[in-house]
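Here is the structure we will look at.
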Amino acid sequence: MEISIDVLIFYLVSLVVVGSACIVAFSRNIVHSAFSLLGTFGGVAGLYVFLGADFVAAVQVLIYVGGILVLILFAVMLTHRISDIDITNRTVGRIPGLVAVAVFLGILVYAIGETDWVKVKEVTYAPTTAAIGNLFLGDYLLPFQIAAVVLLVALIGAITLSRKEIKE
Amino acid sequence: MAAYVAMLTKVGLEHYLVVGGILFALGIYIVLTRRNAISILLGVELILNSAGLNYVAFSHFSTGNVDGQIYTVFIIMLAASEAAIGLAIVLAIYQLFATIDVEATETLKD
């Protein structure tokens, strides 16, 4: 048996994704959890590249790694006294939670293996950005506009929630 | 046995679905067990990422068009606004209670 190089890289990237997700889930220190989220987001962007989704991979890097991760790190730094490091990431009910999630994952993997998925004959790798742009301004115009409104509402809501009220 | 080896050496739809499933399970585990509000938000981000991964995998292997990728872009957009609002709420809670342990914030109980 031989393993081609792309399969090897796929397993490597998947290992990075799952491994750093495990650190996020099991680390006792929230700063470690937040930083290893970088590995998960970056790895998922790599998997998008494997799936031929170049635009989505770029969006993932720009928004998740460049935006959400920085936001989360800011929140961690603002809400924690970094010096008392050992109590930062409390967990409750580790063992029952782990058992329940393991059973759930087992059922999920069994279902994935047993289902007869619909598949195309030949997978294609083509640039997707132009097609996505046409769909956004064509078939998906209404969801696109609603998304813009949602972002505006989120912006105003975040400002309103986090400002300090000045009382007379 | 040979079937298993063939399954491992050729990457298909199921591989991506399993990776997405593992991410989803870890996210659920975080949401269930963590008591730190920011950690719970990290778990929600993992869950959203697994959903996006599944959408792109199905769009690549099952339909062959880019509609699934559109949904992933919407998921990423919702995750961004959810993170902004969620972290603003966390900061407001921190200013009020000086902690973000979700078991300490129970003033609605009384």
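Each chain in the structure tokens gets a letter, A, B, ..., in the order shown, and its residues are numbered from 1; ligands are numbered from 1 in order too.
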
Checklist entry - Which residues of chain B are close to chain A, meaning at most 7 Å apart when you count only C-alpha atoms, and how do they look as number ranges by chain? => result B: 9-11, 14, 18-19, 21-23, 25-26, 29-30, 32-36, 57, 60-64, 66, 69-70, 73, 80-81, 83-85, 87-89, 91-92, 94
